[in-house]
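K.L.:
Starting off with a structure, shown below.
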Amino acid sequence: MAFARIVFDKGTIFLKKIQIILVIFLACFGVIILRLFELQIIKKNIYEQKARENQEQKIIVPAERGEIFDCTYNPQNQTNAGLAVNEYSMDIYLIPGTLTKKEIVKTVSNLSYITTLPYENLISKISNILSDKIYLKYTPVKLIRGINKKDLQKIAENSFILPGIIWQNTPKRVYPYKNLACHILGYVGKISPDEWNVLKNDALYNKESIVGKMGIEHQYDRELRGIDGEIIRIVDAQNQIKDTIPAKEPVPGHKIILTINKKFQEIAETVLKGETGTIIISKPKTGEILAMASSPGFDPNEFIEGITEDKYKNLIEKNSFPFLNRAISAKYPPSSTFKIIVQTAALEEEVVSPSDRYLCEGHFELGEDAHIYRCWGIHGWVDAVKALAVSCDIYYYNVGYMLGSEKISHYSRLFGLGEKTGIDLPSESAGFIPSHSWKRRTFREAWYDGDTVNMAIGQGFLLVTPIQMLDVINAVANNGVIYKPFIVKYILNSLNNRVERVFNPQIHRNIPLSSKNLSIIREGLTKAMTYGTGAKISRISRIKVIGKTGTAQLHKGDPHSWFIGYTPENLYDEQYSIVTFIEHGGGGGEKAVPIAIAALQSIIRNENPAELKRYFLHFIEESRFERLKKIQQEKQDDDQKSNFPDVSF
Amino acid sequence: MTTKSQIFRMSAFDPGLFIAFIILTILGLIGLYTSDATGSFFFKQFLWTIIGIILFFIFLNINYSYYEKFAEYIYGVNMFLLIVTLLLGITMRNTRGWINFFGINFQFSETAKISLIFLLSKYLCNYSGKMNRFWDLLLSILLLLLPFTLIMIQPDMGTALVLLPIFFIIFYLSGVNDIFIIVISMASLLAVGLSLWMSYYQITDPESSFWLYRFFTNKILFAFLLLSILLIMIIFIIIQIFTGKRSFQKIIISLIVFILSLSFSTGLFHILKTYHKKRFLVFINPEIDRFGAGYNIIQSMISIGSGGMIGKGFMKGKQSLLGFLPAQNTDFIFSVLAEQFGFIFSLTVFAFFSFIILKGWNNVKYAKDKFGSLVSAGITTYIFIHVIINIGMATGLMPIIGLPLPFLSYGGSSLVTSMISIAILMNIQYNRFVNV
């Protein structure tokens, strides 16, 4: 075992080298230990947090949206019919998480293959994700709504090739009565980028929130939507769910009980069918809106998912503005209904006395150029009551001229014109009261007396919304006290039906109307229905309604048809007021009155509204025909001047 | 009549070292058990442990002088086996590094480290002090390059790279002229460092107007450099022939080395693929390859960091259990355990490895002959490098070079080789007093 070996000289250099290397070794170890100390002790919390972010996905559990009911809702009752309710469907979502774009695309195409749904549809839903550079989000994006059991099973069985796919029972907003009260209820949809911009700092909302877009859904969105919950999903590196921990219970949104009565609403919508216009029925004593119908309408169910382009175009192209709630958002000239206000002004300002009379020969001369203003008929001597009853324009030309536009505007404002009523619905319009300065600014013309005179009969630049006219008639019905119109009665807690908020009637205007003057006006309105412009129907109707007609003349086409009225106090179980407006309906007495009476009679006497409407309109038509015949006859018999062959009321 | 204890004392058995590596192996087994649901890794590693311990006891009492005698044969056989691996070997994880014997896979690149250590130590200990001649230097470099290349081709970059520090340390200790060491190390540092630096620009800011970057990426420059080397070498030879002077020798050699390293640097830059570069650079900024190599580092650091002082508890390492940590059985076994057992575990591991390193290094000082000294140095270095790189990688301090952690990482070849290495160390230690 002996080898030739050089004697091992462990010189100092050698020893030094050994030392140097050892020191280097230990120094390196030291650095690493320091690093471990840094990671495990100093930065422990940071890394714990990152570990959690790896494994935990915060999934938002949307709260159940509160349902909307009509005024007959009874918490004891199990089967209240909701106007806006939630139905559940099993939906398929994608949670992008840490998936790369490629993986997402693969998952979606696998999904498309398994469910035989077109790939383009699915991928379009996450197009905004794909355009992001790195997408690390845990908010689920809905790919499929309402998957059936079989497909769900297939998806579950193939979940390993569908990373990021989860399924969840999600609620869907449903409007079981379709078009009923569509303008009141509104609809819901996914939050738009603009809306998100406004709401991004609001804890109640996130980028995928469903929000109310119109009507009550929009107006009371905060109360309806509740508070979203959170669950934490523990996932592994393949995004497979290992555990689910509920972190925050969702708080369901509140129930909203409307003042609307479903039956009344149905009746109102039935009589409005085929027309363009609106009906509002309320309780003058409280301001509660019992029915608010606007035609044409739409089916809010079609908007939940996002309406298809074709359907939307269809709705828009008809130029009939189906989304417009004509009751509160449309502006029209009030025409003869405005005379109530003018009369009030004239009497209160003592410009005329109740017995003062004017002679109506069908025309009224005004100004140096003797411009002629016509009346729709020749009424002879007319006092306040008759003026209202037959809606004589000459009387009001005179009275209006004497009052002057300032006073007329003043009283208009007292009655609430030119201002929103403040009803709890979005998009209310304030109407318009013209002024001298406005005219100068807009037309570069001075205010003429003719404008005043036109205004006095509710034509000209003056514009009102039907709900503003509701206030006007409510003033008459309720002794000059106007209660603010409102449409939500209660907000209830969905879990225990506890009342979260109750809306009590509020007086918001008091008309300075002496009881004497009030009774004059009431008499005028009563007579209008007995021998005046609304008398026709009174012959066959079985309820007593008093009110004022209006015929808004237009440049072309049939005039618009107004009627505002109410049932006398204490005559029936409840006192009702009604505003009816029919676009291009012809004379007020022709369309608006029969429709309004049909609605009220249907309500009060529990009769069929469609039949009543048909019956009334037929009667009007017939009597018009008869009248025409009679006039023809008279003309033939009598060569002399005849009564105005007027066919409008 | 020798009692058992006497036999033990007579053998080279060192209980301290033995306990150290056994405990490390057990820790590794625990790690494998917790990170692998199927239990197959744990089971296989357990079997390899048994085989390793048996081999340990066999090698324990082989007098290391035999290695000196048969160093060339050992080396030759190992190189042959490496060639066989390249031709007939099994490929796992993109590396053709294993040979299959009756159902068992073995990596001969692991044993190549030991074989190189033996031969290099033998060669250099016989030539110490007089190692100034160019050709001797060249031969030792070739001894290194052969296994280096064979392993690089597999391609197992990590194991190949480990050979370099081993080579350097043995070289350094063998008494070779320091200048060589310094020059070569500086040249290689320059080459690699420059290449990496330029790669960083290439990956993060390819259109950068940094003058050095523009100059560097110019392929014409590369050609220019090669030409200039040629030119200078010719000049050198001419001078030598004419003057016989050696005074410029050092300057000229330095120049050659400098230019060589630059050209090596550009060569490296153009030859290495993007993913190689990314793997290297990722430790500077894990975001460079966020979902690839960067992801590994990020996840490893998260695993380690979230372990805290005492860890999350046995079987409660969510990072590993839920699969966020990749390569849990091999590259990142440390992270798996650090997550579960915390800083206390980290310190323990370091304590044991430090103990092994210190003991090993002690041999370098006290071995009775140079061969034993150099072999001890080589073995200790190899263990040290593995530890530094593996744990450095796991903590984000080192680029991703796949190296197993001795005794802990899954891998029969690595485990067995490491255990045999300890046996050799024990033997050297034991024989320090024995006179032949």
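Identifiers in this document derive from the order of the structure tokens: chains are assigned A, B, ..., residues are numbered from 1 separately in each chain, and ligands are numbered from 1 in order of occurrence.
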Within 9 Å of Arg522 in chain A, counting only C-alpha atoms, which residues qualify if same-chain residues fewer than 6 places away don't, as number ranges by chain?
P.N.:
A: 385, 476-477, 546-547
K.L.:
For the selection you just gave me, I'd like the residues written to a file as a compact mmCIF listing (two decimals), in the first residue's frame, keeping C-alpha atoms.
P.N.:
# COMPACT_ATOMS: atom_id res chain seq x y z
CA VAL A 385 -120.31 78.32 -13.88
CA VAL A 476 -110.62 71.12 -6.32
CA ALA A 477 -111.56 67.76 -4.85
CA ILE A 546 -117.38 65.76 -11.96
CA GLY A 547 -114.57 67.27 -13.93
K.L.:
Show me which bits of chain B are within 7 Å of chain A, counting only C-alpha atoms, as an MDAnalysis selection string.
P.N.:
chainID B and resid 173 302 304:309 319 322:324 342:343 369:370 392 395 436
K.L.:
May I have the residues from that selection written out with N, CA, C and O atoms, as a PDB file, in the first residue's frame?
P.N.:
ATOM      1  N   LEU B 173      -6.547  25.215  -3.939  1.00  0.00           N
ATOM      2  CA  LEU B 173      -5.858  24.635  -2.798  1.00  0.00           C
ATOM      3  C   LEU B 173      -4.628  23.839  -3.193  1.00  0.00           C
ATOM      4  O   LEU B 173      -3.751  23.574  -2.384  1.00  0.00           O
ATOM      5  N   ILE B 302     -43.130  32.829  -1.021  1.00  0.00           N
ATOM      6  CA  ILE B 302     -44.383  32.893  -0.264  1.00  0.00           C
ATOM      7  C   ILE B 302     -44.480  31.726   0.704  1.00  0.00           C
ATOM      8  O   ILE B 302     -44.851  31.877   1.871  1.00  0.00           O
ATOM      9  N   ILE B 304     -42.049  29.935   2.025  1.00  0.00           N
ATOM     10  CA  ILE B 304     -41.105  30.051   3.127  1.00  0.00           C
ATOM     11  C   ILE B 304     -41.547  31.143   4.086  1.00  0.00           C
ATOM     12  O   ILE B 304     -41.644  30.947   5.299  1.00  0.00           O
ATOM     13  N   GLY B 305     -41.844  32.319   3.517  1.00  0.00           N
ATOM     14  CA  GLY B 305     -42.189  33.468   4.343  1.00  0.00           C
ATOM     15  C   GLY B 305     -43.408  33.221   5.204  1.00  0.00           C
ATOM     16  O   GLY B 305     -43.451  33.569   6.387  1.00  0.00           O
ATOM     17  N   SER B 306     -44.409  32.579   4.599  1.00  0.00           N
ATOM     18  CA  SER B 306     -45.653  32.411   5.360  1.00  0.00           C
ATOM     19  C   SER B 306     -45.510  31.373   6.454  1.00  0.00           C
ATOM     20  O   SER B 306     -46.396  31.194   7.272  1.00  0.00           O
ATOM     21  N   GLY B 307     -44.358  30.710   6.499  1.00  0.00           N
ATOM     22  CA  GLY B 307     -44.160  29.740   7.570  1.00  0.00           C
ATOM     23  C   GLY B 307     -43.895  30.415   8.905  1.00  0.00           C
ATOM     24  O   GLY B 307     -44.216  29.881   9.955  1.00  0.00           O
ATOM     25  N   GLY B 308     -43.299  31.604   8.809  1.00  0.00           N
ATOM     26  CA  GLY B 308     -43.076  32.317  10.066  1.00  0.00           C
ATOM     27  C   GLY B 308     -42.057  31.651  10.948  1.00  0.00           C
ATOM     28  O   GLY B 308     -41.160  30.954  10.480  1.00  0.00           O
ATOM     29  N   MET B 309     -42.189  31.843  12.204  1.00  0.00           N
ATOM     30  CA  MET B 309     -41.206  31.330  13.154  1.00  0.00           C
ATOM     31  C   MET B 309     -41.351  29.841  13.344  1.00  0.00           C
ATOM     32  O   MET B 309     -40.391  29.089  13.306  1.00  0.00           O
ATOM     33  N   GLN B 319     -49.614  26.067   0.804  1.00  0.00           N
ATOM     34  CA  GLN B 319     -48.941  26.335  -0.468  1.00  0.00           C
ATOM     35  C   GLN B 319     -48.592  25.031  -1.176  1.00  0.00           C
ATOM     36  O   GLN B 319     -48.761  24.888  -2.370  1.00  0.00           O
ATOM     37  N   LEU B 322     -51.976  22.666  -1.722  1.00  0.00           N
ATOM     38  CA  LEU B 322     -52.872  23.079  -2.780  1.00  0.00           C
ATOM     39  C   LEU B 322     -52.170  23.214  -4.115  1.00  0.00           C
ATOM     40  O   LEU B 322     -52.757  23.624  -5.085  1.00  0.00           O
ATOM     41  N   GLY B 323     -50.920  22.858  -4.120  1.00  0.00           N
ATOM     42  CA  GLY B 323     -50.249  22.797  -5.414  1.00  0.00           C
ATOM     43  C   GLY B 323     -49.705  24.099  -5.933  1.00  0.00           C
ATOM     44  O   GLY B 323     -49.389  24.215  -7.109  1.00  0.00           O
ATOM     45  N   PHE B 324     -49.608  25.104  -5.105  1.00  0.00           N
ATOM     46  CA  PHE B 324     -49.093  26.359  -5.621  1.00  0.00           C
ATOM     47  C   PHE B 324     -47.598  26.331  -5.774  1.00  0.00           C
ATOM     48  O   PHE B 324     -47.029  27.067  -6.556  1.00  0.00           O
ATOM     49  N   GLY B 342     -41.308  26.404   9.720  1.00  0.00           N
ATOM     50  CA  GLY B 342     -40.859  27.735  10.068  1.00  0.00           C
ATOM     51  C   GLY B 342     -39.366  27.963  10.141  1.00  0.00           C
ATOM     52  O   GLY B 342     -38.552  27.156   9.691  1.00  0.00           O
ATOM     53  N   PHE B 343     -39.046  29.077  10.718  1.00  0.00           N
ATOM     54  CA  PHE B 343     -37.665  29.515  10.830  1.00  0.00           C
ATOM     55  C   PHE B 343     -36.856  28.546  11.689  1.00  0.00           C
ATOM     56  O   PHE B 343     -35.652  28.361  11.479  1.00  0.00           O
ATOM     57  N   ASP B 369      -2.578  13.348   3.906  1.00  0.00           N
ATOM     58  CA  ASP B 369      -1.894  13.604   2.651  1.00  0.00           C
ATOM     59  C   ASP B 369      -2.689  14.583   1.802  1.00  0.00           C
ATOM     60  O   ASP B 369      -3.848  14.877   2.060  1.00  0.00           O
ATOM     61  N   LYS B 370      -2.000  15.069   0.793  1.00  0.00           N
ATOM     62  CA  LYS B 370      -2.631  16.106  -0.017  1.00  0.00           C
ATOM     63  C   LYS B 370      -3.862  15.592  -0.728  1.00  0.00           C
ATOM     64  O   LYS B 370      -4.848  16.317  -0.880  1.00  0.00           O
ATOM     65  N   GLY B 392     -30.622  29.144  -1.745  1.00  0.00           N
ATOM     66  CA  GLY B 392     -30.576  30.485  -2.318  1.00  0.00           C
ATOM     67  C   GLY B 392     -31.660  30.667  -3.349  1.00  0.00           C
ATOM     68  O   GLY B 392     -32.350  31.683  -3.405  1.00  0.00           O
ATOM     69  N   THR B 395     -35.059  31.015  -1.754  1.00  0.00           N
ATOM     70  CA  THR B 395     -35.313  32.293  -1.101  1.00  0.00           C
ATOM     71  C   THR B 395     -35.190  33.458  -2.058  1.00  0.00           C
ATOM     72  O   THR B 395     -35.279  34.596  -1.659  1.00  0.00           O
ATOM     73  N   VAL B 436       0.948   4.752   7.098  1.00  0.00           N
ATOM     74  CA  VAL B 436       1.089   3.548   6.281  1.00  0.00           C
ATOM     75  C   VAL B 436       2.497   2.993   6.441  1.00  0.00           C
ATOM     76  O   VAL B 436       3.447   3.699   6.276  1.00  0.00           O
TER      77      VAL B 436
END
K.L.:
Set the distance at 7 Å and use only C-alpha atoms: which residues neighbour range 38-55 of chain B once local chain neighbours fewer than 4 positions away are removed? I'd like the list as a PyMOL selection string.
P.N.:
chain B and resi 29+32-33+59+410-412+415-416+419-420
K.L.:
Enter the distance from CA of Val61 in chain A to CA of Glu230 in chain A, in Å, rounded to one decimal.
P.N.:
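Between CA of Val61 in chain A and CA of Glu230 in chain A the gap is 5.2 Å.
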K.L.:
Please extract the residues of range 309-352 of chain B with a backbone DSSP assignment of helix (DSSP H, G or I) and present them as an MDAnalysis selection string.
P.N.:
chainID B and resid 318:321 333:352
K.L.:
Name the residues in contact with Gly97 in chain B at a cut-off of 9 Å, using only C-alpha atoms, excluding same-chain residues fewer than 3 positions from it; report them as a short mmCIF file (atom, residue, chain, number, x, y, z; two decimals) with all heavy atoms, in the first residue's frame.
P.N.:
data_model
loop_
_atom_site.label_atom_id
_atom_site.label_comp_id
_atom_site.auth_asym_id
_atom_site.auth_seq_id
_atom_site.Cartn_x
_atom_site.Cartn_y
_atom_site.Cartn_z
N LEU B 82 -21.52 8.11 -18.62
CA LEU B 82 -22.19 9.36 -19.02
C LEU B 82 -22.49 9.34 -20.51
O LEU B 82 -23.56 9.79 -20.94
CB LEU B 82 -21.31 10.57 -18.69
CG LEU B 82 -21.37 11.06 -17.23
CD1 LEU B 82 -20.47 12.26 -17.05
CD2 LEU B 82 -22.79 11.41 -16.84
N THR B 85 -25.36 7.23 -21.01
CA THR B 85 -26.58 7.95 -20.63
C THR B 85 -27.10 8.81 -21.78
O THR B 85 -28.29 8.84 -22.05
CB THR B 85 -26.29 8.87 -19.43
OG1 THR B 85 -25.68 8.12 -18.39
CG2 THR B 85 -27.57 9.51 -18.93
N LEU B 86 -26.15 9.46 -22.45
CA LEU B 86 -26.58 10.33 -23.55
C LEU B 86 -27.19 9.52 -24.68
O LEU B 86 -28.12 9.96 -25.35
CB LEU B 86 -25.39 11.13 -24.09
CG LEU B 86 -24.97 12.33 -23.23
CD1 LEU B 86 -23.76 12.98 -23.86
CD2 LEU B 86 -26.11 13.33 -23.12
N GLY B 89 -30.00 6.69 -22.48
CA GLY B 89 -30.58 7.01 -21.18
C GLY B 89 -32.06 7.35 -21.22
O GLY B 89 -32.67 7.55 -22.27
N ILE B 90 -32.60 7.40 -20.03
CA ILE B 90 -34.01 7.78 -19.84
C ILE B 90 -34.11 9.30 -19.77
O ILE B 90 -33.26 9.95 -19.17
CB ILE B 90 -34.54 7.22 -18.50
CG1 ILE B 90 -34.22 5.75 -18.36
CG2 ILE B 90 -36.03 7.49 -18.35
CD1 ILE B 90 -35.24 4.85 -18.93
N THR B 91 -35.15 9.82 -20.34
CA THR B 91 -35.36 11.27 -20.26
C THR B 91 -36.47 11.59 -19.28
O THR B 91 -37.58 11.08 -19.40
CB THR B 91 -35.74 11.83 -21.64
OG1 THR B 91 -34.75 11.45 -22.57
CG2 THR B 91 -35.84 13.35 -21.59
N MET B 92 -36.14 12.40 -18.31
CA MET B 92 -37.19 12.87 -17.40
C MET B 92 -37.05 14.39 -17.27
O MET B 92 -35.95 14.89 -17.09
CB MET B 92 -37.01 12.24 -16.02
CG MET B 92 -37.45 10.79 -15.95
SD MET B 92 -37.82 10.27 -14.26
CE MET B 92 -36.26 9.61 -13.77
N PHE B 106 -30.81 5.49 -12.34
CA PHE B 106 -29.69 6.10 -11.63
C PHE B 106 -29.03 7.16 -12.49
O PHE B 106 -28.87 7.01 -13.70
CB PHE B 106 -28.66 5.02 -11.25
CG PHE B 106 -27.71 5.49 -10.19
CD1 PHE B 106 -28.07 5.46 -8.86
CD2 PHE B 106 -26.46 5.99 -10.54
CE1 PHE B 106 -27.20 5.91 -7.88
CE2 PHE B 106 -25.58 6.43 -9.56
CZ PHE B 106 -25.95 6.38 -8.23
N GLN B 107 -28.66 8.25 -11.81
CA GLN B 107 -28.03 9.36 -12.50
C GLN B 107 -26.54 9.30 -12.29
O GLN B 107 -26.07 9.51 -11.16
CB GLN B 107 -28.52 10.68 -11.89
CG GLN B 107 -29.47 11.47 -12.71
CD GLN B 107 -29.78 12.80 -12.05
OE1 GLN B 107 -29.96 12.88 -10.85
NE2 GLN B 107 -29.84 13.84 -12.84
N PHE B 108 -25.79 9.07 -13.35
CA PHE B 108 -24.35 9.00 -13.16
C PHE B 108 -23.68 10.37 -13.17
O PHE B 108 -22.48 10.48 -12.94
CB PHE B 108 -23.73 8.06 -14.20
CG PHE B 108 -24.00 6.63 -13.87
CD1 PHE B 108 -25.02 5.94 -14.51
CD2 PHE B 108 -23.29 5.99 -12.86
CE1 PHE B 108 -25.30 4.64 -14.18
CE2 PHE B 108 -23.57 4.68 -12.53
CZ PHE B 108 -24.58 4.00 -13.18
N SER B 109 -24.48 11.39 -13.44
CA SER B 109 -23.91 12.72 -13.33
C SER B 109 -23.61 13.05 -11.88
O SER B 109 -22.73 13.86 -11.58
CB SER B 109 -24.86 13.75 -13.95
OG SER B 109 -26.18 13.51 -13.54
N ILE B 151 -22.45 16.40 -19.32
CA ILE B 151 -23.65 16.66 -18.51
C ILE B 151 -24.46 17.81 -19.10
O ILE B 151 -25.70 17.80 -19.10
CB ILE B 151 -23.25 16.95 -17.05
CG1 ILE B 151 -22.57 15.72 -16.44
CG2 ILE B 151 -24.47 17.34 -16.23
CD1 ILE B 151 -22.05 15.95 -15.05
N GLN B 154 -27.09 16.99 -21.67
CA GLN B 154 -28.28 16.20 -21.32
C GLN B 154 -29.63 16.90 -21.53
O GLN B 154 -30.57 16.25 -21.95
CB GLN B 154 -28.16 15.72 -19.87
CG GLN B 154 -27.13 14.63 -19.69
CD GLN B 154 -27.06 14.16 -18.25
OE1 GLN B 154 -27.69 14.75 -17.37
NE2 GLN B 154 -26.34 13.10 -18.02
N PRO B 155 -29.86 18.13 -21.22
CA PRO B 155 -29.00 19.16 -20.63
C PRO B 155 -29.29 19.34 -19.14
O PRO B 155 -30.41 19.63 -18.76
CB PRO B 155 -29.44 20.43 -21.35
CG PRO B 155 -30.88 20.22 -21.69
CD PRO B 155 -31.13 18.72 -21.69
N ASP B 156 -28.27 19.14 -18.32
CA ASP B 156 -28.48 19.35 -16.89
C ASP B 156 -27.55 20.48 -16.45
O ASP B 156 -26.45 20.24 -15.96
CB ASP B 156 -28.16 18.06 -16.14
CG ASP B 156 -28.52 18.13 -14.67
OD1 ASP B 156 -28.84 19.23 -14.20
OD2 ASP B 156 -28.47 17.10 -14.00
#
K.L.:
Using only C-alpha atoms for the distances, tell me which of B:Thr204, B:Ile117, B:Thr330, B:Gly396 is nearest to Phe168 in chain B.
P.N.:
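Checking each of B:Thr204, B:Ile117, B:Thr330, B:Gly396 against Phe168 in chain B, counting only C-alpha atoms, the winner is B:Ile117.
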K.L.:
Given the choices A:Gln575, A:Ser391, A:Thr452, A:Ser494, which gets closest to Tyr531 in chain A if the distance is worked out from only C-alpha atoms?
P.N.:
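Going through A:Gln575, A:Ser391, A:Thr452, A:Ser494 one by one, the smallest distance to Tyr531 in chain A is for A:Ser391.
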K.L.:
So what do you get for CA of Met157 in chain B versus CA of Asn94 in chain B, distance-wise?
P.N.:
11.6 Å
K.L.:
Looking at B:Gln340, B:Asn431, B:Asn363, B:Asn218, which one is nearest to Gly313 in chain B, with distances taken over only C-alpha atoms?
P.N.:
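Among B:Gln340, B:Asn431, B:Asn363, B:Asn218, it is B:Gln340 that comes nearest to Gly313 in chain B.
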K.L.:
How many Å separate CA of Leu281 in chain B from CA of Gly294 in chain B?
P.N.:
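So the answer is 9.1 Å.
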K.L.:
For range 333-335 of chain B, list every protein, DNA or RNA residue within 7 Å, evaluated using only C-alpha atoms, and leave out those in the same chain fewer than 6 positions away; present the list as a ChimeraX atom specification.
P.N.:
/B:31,300,303-304,391,394,408-409
K.L.:
What's around range 290-303 of chain A at 9 Å? Count only C-alpha atoms, leave out sequence neighbours fewer than 4 positions away in its own chain, and write the answer as a ChimeraX atom specification.
P.N.:
/A:71,173-189,258-269,272-283,307-308,311,315,320-327,487,576
K.L.:
Limited to C-alpha atoms, could you put the picked residues into a file as an mmCIF file, in the first residue's frame?
P.N.:
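Output saved as selection-v3.cif:
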data_model
loop_
_atom_site.group_PDB
_atom_site.id
_atom_site.type_symbol
_atom_site.label_atom_id
_atom_site.label_comp_id
_atom_site.auth_asym_id
_atom_site.auth_seq_id
_atom_site.Cartn_x
_atom_site.Cartn_y
_atom_site.Cartn_z
ATOM 1 C CA CYS A 71 -100.970 48.022 -1.987
ATOM 2 C CA ARG A 173 -85.560 39.584 -11.796
ATOM 3 C CA VAL A 174 -88.904 38.679 -13.224
ATOM 4 C CA TYR A 175 -91.964 40.794 -13.875
ATOM 5 C CA PRO A 176 -94.751 38.229 -13.864
ATOM 6 C CA TYR A 177 -97.318 40.622 -15.172
ATOM 7 C CA LYS A 178 -95.150 41.695 -18.051
ATOM 8 C CA ASN A 179 -96.255 45.081 -19.307
ATOM 9 C CA LEU A 180 -98.360 45.863 -16.247
ATOM 10 C CA ALA A 181 -97.069 49.022 -14.567
ATOM 11 C CA CYS A 182 -93.900 48.773 -16.640
ATOM 12 C CA HIS A 183 -93.190 52.492 -16.403
ATOM 13 C CA ILE A 184 -93.689 52.486 -12.660
ATOM 14 C CA LEU A 185 -91.613 49.418 -12.009
ATOM 15 C CA GLY A 186 -88.866 50.059 -14.522
ATOM 16 C CA TYR A 187 -86.333 47.294 -15.054
ATOM 17 C CA VAL A 188 -82.868 46.208 -13.947
ATOM 18 C CA GLY A 189 -79.721 45.588 -15.870
ATOM 19 C CA LEU A 258 -96.597 50.530 -3.667
ATOM 20 C CA THR A 259 -99.671 52.669 -3.311
ATOM 21 C CA ILE A 260 -100.720 51.211 -6.634
ATOM 22 C CA ASN A 261 -103.649 48.827 -6.627
ATOM 23 C CA LYS A 262 -102.992 46.058 -9.121
ATOM 24 C CA LYS A 263 -106.621 45.712 -10.064
ATOM 25 C CA PHE A 264 -106.992 49.426 -10.720
ATOM 26 C CA GLN A 265 -103.780 49.398 -12.709
ATOM 27 C CA GLU A 266 -105.059 46.573 -14.842
ATOM 28 C CA ILE A 267 -108.281 48.433 -15.451
ATOM 29 C CA ALA A 268 -106.439 51.616 -16.347
ATOM 30 C CA GLU A 269 -104.168 49.751 -18.751
ATOM 31 C CA LEU A 272 -105.758 52.634 -22.414
ATOM 32 C CA LYS A 273 -105.096 49.796 -24.776
ATOM 33 C CA GLY A 274 -104.706 50.874 -28.366
ATOM 34 C CA GLU A 275 -104.350 54.507 -27.376
ATOM 35 C CA THR A 276 -101.339 56.630 -26.879
ATOM 36 C CA GLY A 277 -101.648 58.503 -23.639
ATOM 37 C CA THR A 278 -101.890 58.114 -19.922
ATOM 38 C CA ILE A 279 -104.269 57.629 -17.019
ATOM 39 C CA ILE A 280 -103.555 58.507 -13.426
ATOM 40 C CA ILE A 281 -105.952 57.584 -10.646
ATOM 41 C CA SER A 282 -105.346 58.839 -7.130
ATOM 42 C CA LYS A 283 -106.874 59.482 -3.765
ATOM 43 C CA ILE A 307 -82.509 43.214 -25.117
ATOM 44 C CA THR A 308 -81.523 42.063 -28.567
ATOM 45 C CA LYS A 311 -86.235 44.020 -30.614
ATOM 46 C CA LEU A 315 -89.539 49.431 -30.075
ATOM 47 C CA SER A 320 -94.134 56.137 -30.103
ATOM 48 C CA PHE A 321 -91.580 56.327 -27.287
ATOM 49 C CA PRO A 322 -92.663 53.256 -25.349
ATOM 50 C CA PHE A 323 -90.193 54.003 -22.575
ATOM 51 C CA LEU A 324 -91.655 57.374 -21.907
ATOM 52 C CA ASN A 325 -93.802 57.543 -18.811
ATOM 53 C CA ARG A 326 -96.260 59.992 -20.213
ATOM 54 C CA ALA A 327 -97.846 60.525 -16.832
ATOM 55 C CA ILE A 487 -96.282 55.958 -5.197
ATOM 56 C CA TYR A 576 -111.069 58.984 -6.497
#
K.L.:
Do you know which residues are at most 7 Å from Ser418 in chain B counting only C-alpha atoms, after dropping those on the same chain fewer than 3 positions away, and could you put them as a tab-separated table (two decimals) with N, CA, C and O atoms, in the first residue's frame?
P.N.:
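So the final result, stored in out.tsv, reads:
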chain	number	residue	atom	x	y	z
B	406	PRO	N	-28.94	18.33	-0.78
B	406	PRO	CA	-28.45	17.01	-0.37
B	406	PRO	C	-29.23	16.44	0.81
B	406	PRO	O	-29.58	17.17	1.73
B	407	PHE	N	-29.56	15.20	0.74
B	407	PHE	CA	-30.27	14.42	1.76
B	407	PHE	C	-31.75	14.72	1.83
B	407	PHE	O	-32.54	13.87	2.23
B	414	SER	N	-28.83	11.22	-5.96
B	414	SER	CA	-28.26	12.29	-5.14
B	414	SER	C	-28.08	11.83	-3.70
B	414	SER	O	-27.03	12.05	-3.08
B	415	LEU	N	-29.08	11.15	-3.17
B	415	LEU	CA	-29.03	10.71	-1.78
B	415	LEU	C	-27.88	9.75	-1.56
B	415	LEU	O	-27.06	9.90	-0.65
B	421	SER	N	-20.40	10.08	-0.10
B	421	SER	CA	-19.42	11.16	0.10
B	421	SER	C	-19.11	11.35	1.57
B	421	SER	O	-17.95	11.55	1.95
B	422	ILE	N	-20.13	11.29	2.40
B	422	ILE	CA	-19.89	11.41	3.85
B	422	ILE	C	-19.03	10.25	4.33
B	422	ILE	O	-18.11	10.43	5.16
